[in-house]
Every structure is written in structure tokens, then in C-alpha cells.
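Take a look at the structure below.
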Amino acid sequence: MKIHILTIFPEMFAGPMSTSIVGRACQKGLLSIEPHNLRDYTKDKHRQIDDRPFGGGAGMVMKAEPFFEALTTLVGAPKEKKEGRKIIMVTPQGATFSQAKARELASYSELIFLCGRYEGIDERVRETWVDEEVSIGDYVLTGGELPTMVMIDALVRFLPGALGDEASAEEESFSDGLLEYPQYTRPEVYQGMAVPAPLLSGHHEQIRRWRRKEAFKRTYQFRRDLLKGRSLDIEDQVLFAE
Ligand code: ADE
């Protein structure tokens with residue numbers, strides 16, 4: 001998968017995108033991440049990427065031209081659809097990012113993230129180029145760079161071969177609509193606190209059932225909203241009848 005990022009701060013991506021699982025996925029060739037500096041696509045001598053808003057008001061708006069120039073270089077004509085490619089505007093106005101969206105984004109062969117700063121991006125960029133707008137939550141950050149990294153971090157887990165061992169992205173929290181069960185590692189007793197007995201039983205079915213029950217408990221305690229409208233399948237009904 002190829003990821004292009006249009007930003008005025010390409011240097012922000014250097015450390016986080018070359019570390020840990022994302023960095024390893026890049027090294028393995030599963031992913032390539034290319035930040036493009038929007039200033040390289042300006043035409044004036046000051047390399048100006050923003051200007052005052054028409055109609056007045058506080059702050060600055062990112063100019064259309066650097067985005068148009070960069071996107072023309074990357075993809076050719078506006079709205080020239082290519083199978084497997086998606087142009088995403090990263091903005092608090094977008095639909096909220098989720099685990100399902102991470103899985104979907106991982107299925108494309110090319111993603112282009114447009115990172116806004118200041119009061120946003122000239123509307124003509126959205127009208128002309130953007131396939132989808134995505135937010136990472138109902139709060140306002142200073143730009144789209146961190147949200148873009150959040151989305152890349154979440155989607156990389158769905159790229160086949162990205163998670164080192166046998167681990168599957170599907171086994172984690174949210175993939176089955178539940179929070180993850182509690183985890184323990186050695187020692188068996190730490191400061192008087194013992195690891196729950198089923199986990200030490202060596203009995204796979206017992207461990208699986210304990211984990212599923214704990215996942216439900218935890219979800220009920222912390223994120224009851226995730227259980228709304230969910231009906232228990234027969235296996236879970238049996239589990240809770242125990
Ligand atoms: N830009 C600023 N805040 C944002 C958010 N919450 N999600 C996506 N892009 C943003």
C-alpha cells in the first residue's frame with residue numbers, strides 16, 4: 001500500500017512512522033509512506049500556503065493552489081477515479097474514524113491524506129478532489145497531521161504480515177464489538193495479587209470462556225453503549241447462564 005500525505009509539516013511524520021509496527025511494515029515493503037511538503041507546490045517567492053479568509057474573520061485559510069498542484073502531480077485530473085485509490089481530507093467535520101473504517105482503509109492500494117491547519121482548507125479543494133472526510137473525534141487539534149498518523153497506525157494492523165507473530169487484528173478490542181479482556185504476565189502473584197485461576201489452568205476452552213465473559217463484563221462496565229441493540233448468541237447465553 002502506498003500512502004501520500006500532503007502537509008506543511010512533513011517532518012512530523014519522520015519519527016512515528018519509522019518506529020515499531022508501522023516502521024517495520026515500511027521496512028518489509030508492506031507499506032510506503034510519503035509526506036509531501038505543500039510549500040514545494042507554491043509558486044510565489046514567499047512559498048505562502050495560507051491567506052486571509054474572504055468575508056473576514058479570525059485566522060487564516062489554506063490556499064487551494066498548493067493542494068491542486070500537488071494532487072495534479074500525484075493523480076492527474078480531478079475526480080479521475082482509480083480503483084483502489086482514495087483521497088481523504090482530515091478534518092473535524094468528517095465522519096468519525098472507527099475500527100471498521102481502519103479495516104476498510106487497509107483494503108486500498110493507495111491513500112492520499114490532505115492535512116489542514118489553521119481555519120481549514122479552501123472549500124474548492126474539497127469540491128474538486130476529495131472522496132471522503134474523516135475526523136478522529138469530537139475535539140479540535142491544531143492540524144490533520146496527528147489524526148493522519150492515528151489512522152495509519154490503526155490501519156497498518158490490518159495489512160497482512162504487519163503484526164509480527166500469529167496475532168490477528170481481528171482478535172483485538174472492537175473487532176468483535178467488545179473491549180478486550182484483562183491480560184496478565186509473570187509473576188503469578190505480584191504484591192499479593194494473583195493471576196485468575198482459569199488462565200493458569202492450561203485448559204484452552206476454559207481460558208476462552210473466561211476471557212469472553214470478562215470482555216463482556218468490561219464492556220458493560222466502561223462502554224455500555226457498545227452493547228446497545230446487541231443480542232447474545234446462543235453460546236454467550238450459555239456462558240452467562242453458568
Ligand atoms: N483536525 C483538527 N482536529 C481534527 C480531528 N479531531 N480529526 C481530524 N482532523 C482534525
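Residue numbering restarts at 1 in every chain; chains get A, B, ... in the order shown in the C-alpha cells, and ligands count up from 1 in that same order.
All residues of protein, DNA or RNA that reach within 9 Å of segment 125-127 of chain A, judged by only C-alpha atoms and not counting those fewer than 3 positions away in the chain, are Lys63, Ala64, Glu65, Phe67, Phe68, Met89, Ile121, Asp122, Val130, Asp131, Glu132 and Glu133 of chain A.
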Give the residue list for ligand 1 at 10 Å, counting only C-alpha atoms and all ligand atoms, as a PyMOL selection string, sorted by chain and then by residue number.
chain A and resi 89-97+114-120+133-148+150-151
Name the residues of segment 42-204 of chain A that fall into strand (DSSP E or B) according to DSSP on the backbone, using the chain letters and numbers of this document, as a PyMOL selection string.
chain A and resi 50-51+61-62+85-96+110-115+117+121+132-135+143+189-190+193-194
Residues of the last selection are to be written out with C-alpha atoms, as a JSON list (two decimals), in the first residue's frame.
[["chain", "number", "residue", "atom", "x", "y", "z"],
["A", 50, "ASP", "CA", -2.28, 30.36, 3.61],
["A", 51, "ASP", "CA", -4.13, 33.63, 3.29],
["A", 61, "VAL", "CA", -7.24, 29.60, 5.38],
["A", 62, "MET", "CA", -5.03, 27.19, 3.46],
["A", 85, "ARG", "CA", -7.28, 4.85, -4.54],
["A", 86, "LYS", "CA", -8.92, 7.20, -2.06],
["A", 87, "ILE", "CA", -8.34, 10.91, -1.33],
["A", 88, "ILE", "CA", -9.16, 11.70, 2.29],
["A", 89, "MET", "CA", -9.49, 15.13, 3.85],
["A", 90, "VAL", "CA", -8.57, 15.02, 7.52],
["A", 91, "THR", "CA", -10.91, 17.40, 9.31],
["A", 92, "PRO", "CA", -13.04, 17.61, 12.48],
["A", 93, "GLN", "CA", -16.05, 17.95, 10.14],
["A", 94, "GLY", "CA", -15.63, 14.43, 8.80],
["A", 95, "ALA", "CA", -17.28, 11.16, 9.77],
["A", 96, "THR", "CA", -15.74, 9.74, 12.95],
["A", 110, "GLU", "CA", -3.26, 4.00, -2.45],
["A", 111, "LEU", "CA", -4.40, 6.58, 0.11],
["A", 112, "ILE", "CA", -3.82, 10.32, -0.07],
["A", 113, "PHE", "CA", -4.34, 12.27, 3.16],
["A", 114, "LEU", "CA", -4.84, 16.04, 2.99],
["A", 115, "CYS", "CA", -3.82, 17.69, 6.26],
["A", 117, "ARG", "CA", -4.09, 23.60, 9.55],
["A", 121, "ILE", "CA", -8.66, 24.42, 3.60],
["A", 132, "GLU", "CA", -14.13, 11.31, 1.87],
["A", 133, "GLU", "CA", -13.70, 13.44, 5.01],
["A", 134, "VAL", "CA", -12.62, 11.80, 8.24],
["A", 135, "SER", "CA", -12.31, 13.06, 11.83],
["A", 143, "GLY", "CA", -3.85, 20.19, 12.35],
["A", 189, "VAL", "CA", 1.49, -13.45, 42.23],
["A", 190, "TYR", "CA", 2.62, -9.84, 42.37],
["A", 193, "MET", "CA", -2.33, -10.07, 43.66],
["A", 194, "ALA", "CA", -2.82, -13.42, 41.96]]
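Atom CA of Ile33 of chain A lies 7.6 Å from atom CA of Ile5 of chain A.
With atom CA of Tyr181 of chain A on one side and atom CA of Ala106 of chain A on the other, the separation reads 25.2 Å.
Secondary structure from DSSP on the backbone puts alpha helix (DSSP H) at the following positions of segment 7-101 of chain A: Ser20, Ile21, Val22, Gly23, Arg24, Ala25, Cys26, Gln27, Ala64, Glu65, Pro66, Phe67, Phe68, Glu69, Ala70, Leu71, Thr72, Thr73, Leu74, Val75, Gln99, Ala100 and Lys101 of chain A.
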Please, could you write that set of residues out with C-alpha atoms as a PDB file, in the first residue's frame?
ATOM      1  CA  SER A  20       7.648  -0.020  15.863  1.00  0.00           C
ATOM      2  CA  ILE A  21       4.996  -1.809  13.813  1.00  0.00           C
ATOM      3  CA  VAL A  22       4.430   0.973  11.272  1.00  0.00           C
ATOM      4  CA  GLY A  23       8.186   1.322  10.739  1.00  0.00           C
ATOM      5  CA  ARG A  24       8.610  -2.431  10.367  1.00  0.00           C
ATOM      6  CA  ALA A  25       5.726  -2.637   7.879  1.00  0.00           C
ATOM      7  CA  CYS A  26       7.516   0.008   5.786  1.00  0.00           C
ATOM      8  CA  GLN A  27      10.794  -1.889   6.004  1.00  0.00           C
ATOM      9  CA  ALA A  64      -6.309  25.948  -2.909  1.00  0.00           C
ATOM     10  CA  GLU A  65      -3.346  26.168  -5.271  1.00  0.00           C
ATOM     11  CA  PRO A  66      -0.711  24.084  -3.404  1.00  0.00           C
ATOM     12  CA  PHE A  67      -3.263  21.255  -2.996  1.00  0.00           C
ATOM     13  CA  PHE A  68      -4.348  21.454  -6.649  1.00  0.00           C
ATOM     14  CA  GLU A  69      -0.739  21.432  -7.843  1.00  0.00           C
ATOM     15  CA  ALA A  70       0.312  18.581  -5.578  1.00  0.00           C
ATOM     16  CA  LEU A  71      -2.742  16.473  -6.425  1.00  0.00           C
ATOM     17  CA  THR A  72      -2.371  17.093 -10.151  1.00  0.00           C
ATOM     18  CA  THR A  73       1.211  15.828  -9.875  1.00  0.00           C
ATOM     19  CA  LEU A  74       0.172  12.793  -7.843  1.00  0.00           C
ATOM     20  CA  VAL A  75      -3.050  11.658  -9.515  1.00  0.00           C
ATOM     21  CA  GLN A  99     -12.049   0.256  13.773  1.00  0.00           C
ATOM     22  CA  ALA A 100     -14.347  -0.603  10.851  1.00  0.00           C
ATOM     23  CA  LYS A 101     -13.016   2.397   8.910  1.00  0.00           C
TER      24      LYS A 101
END
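Taking only C-alpha atoms, the non-local environment of segment 211-220 of chain A within 6 Å (same-chain residues fewer than 4 positions away omitted) comprises Leu178, Leu179, Glu180, Tyr181 and Arg224 of chain A.
Shell of Leu200 of chain A at 12 Å, with only C-alpha atoms counted and residues fewer than 2 places along the chain excluded, is Tyr184, Thr185, Arg186, Pro187, Glu188, Val189, Ala194, Val195, Pro196, Ala197, Pro198, Gly202, His203, His204, Gln206, Ile207 and Trp210 of chain A.
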List the neighbours of Glu11 of chain A out to 10 Å using only C-alpha atoms; skip same-chain residues closer than 2 positions along the sequence, and give me the result as a PDB file with N, CA and C atoms, in the first residue's frame.
ATOM      1  N   THR A   7       1.027  18.010   3.425  1.00  0.00           N
ATOM      2  CA  THR A   7       1.160  18.666   4.718  1.00  0.00           C
ATOM      3  C   THR A   7       2.147  19.820   4.624  1.00  0.00           C
ATOM      4  N   ILE A   8       2.064  20.760   5.571  1.00  0.00           N
ATOM      5  CA  ILE A   8       3.126  21.769   5.634  1.00  0.00           C
ATOM      6  C   ILE A   8       4.182  21.378   6.677  1.00  0.00           C
ATOM      7  N   PHE A   9       3.955  20.254   7.360  1.00  0.00           N
ATOM      8  CA  PHE A   9       4.936  19.782   8.348  1.00  0.00           C
ATOM      9  C   PHE A   9       5.346  18.326   8.095  1.00  0.00           C
ATOM     10  N   PHE A  13       6.242  13.468  10.578  1.00  0.00           N
ATOM     11  CA  PHE A  13       5.981  12.040  10.349  1.00  0.00           C
ATOM     12  C   PHE A  13       7.219  11.169  10.536  1.00  0.00           C
ATOM     13  N   ALA A  14       8.398  11.812  10.526  1.00  0.00           N
ATOM     14  CA  ALA A  14       9.649  11.047  10.461  1.00  0.00           C
ATOM     15  C   ALA A  14       9.766  10.009  11.576  1.00  0.00           C
ATOM     16  N   GLY A  15       9.713  10.434  12.824  1.00  0.00           N
ATOM     17  CA  GLY A  15       9.894   9.503  13.939  1.00  0.00           C
ATOM     18  C   GLY A  15       8.778   8.480  14.049  1.00  0.00           C
ATOM     19  N   PRO A  35       5.380  11.709   2.842  1.00  0.00           N
ATOM     20  CA  PRO A  35       4.858  13.050   3.093  1.00  0.00           C
ATOM     21  C   PRO A  35       5.355  14.017   2.008  1.00  0.00           C
ATOM     22  N   HIS A  36       4.457  14.889   1.533  1.00  0.00           N
ATOM     23  CA  HIS A  36       4.823  15.890   0.525  1.00  0.00           C
ATOM     24  C   HIS A  36       4.644  17.267   1.141  1.00  0.00           C
ATOM     25  N   ASN A  37       5.651  18.096   1.014  1.00  0.00           N
ATOM     26  CA  ASN A  37       5.579  19.439   1.578  1.00  0.00           C
ATOM     27  C   ASN A  37       4.787  20.360   0.645  1.00  0.00           C
TER      28      ASN A  37
END
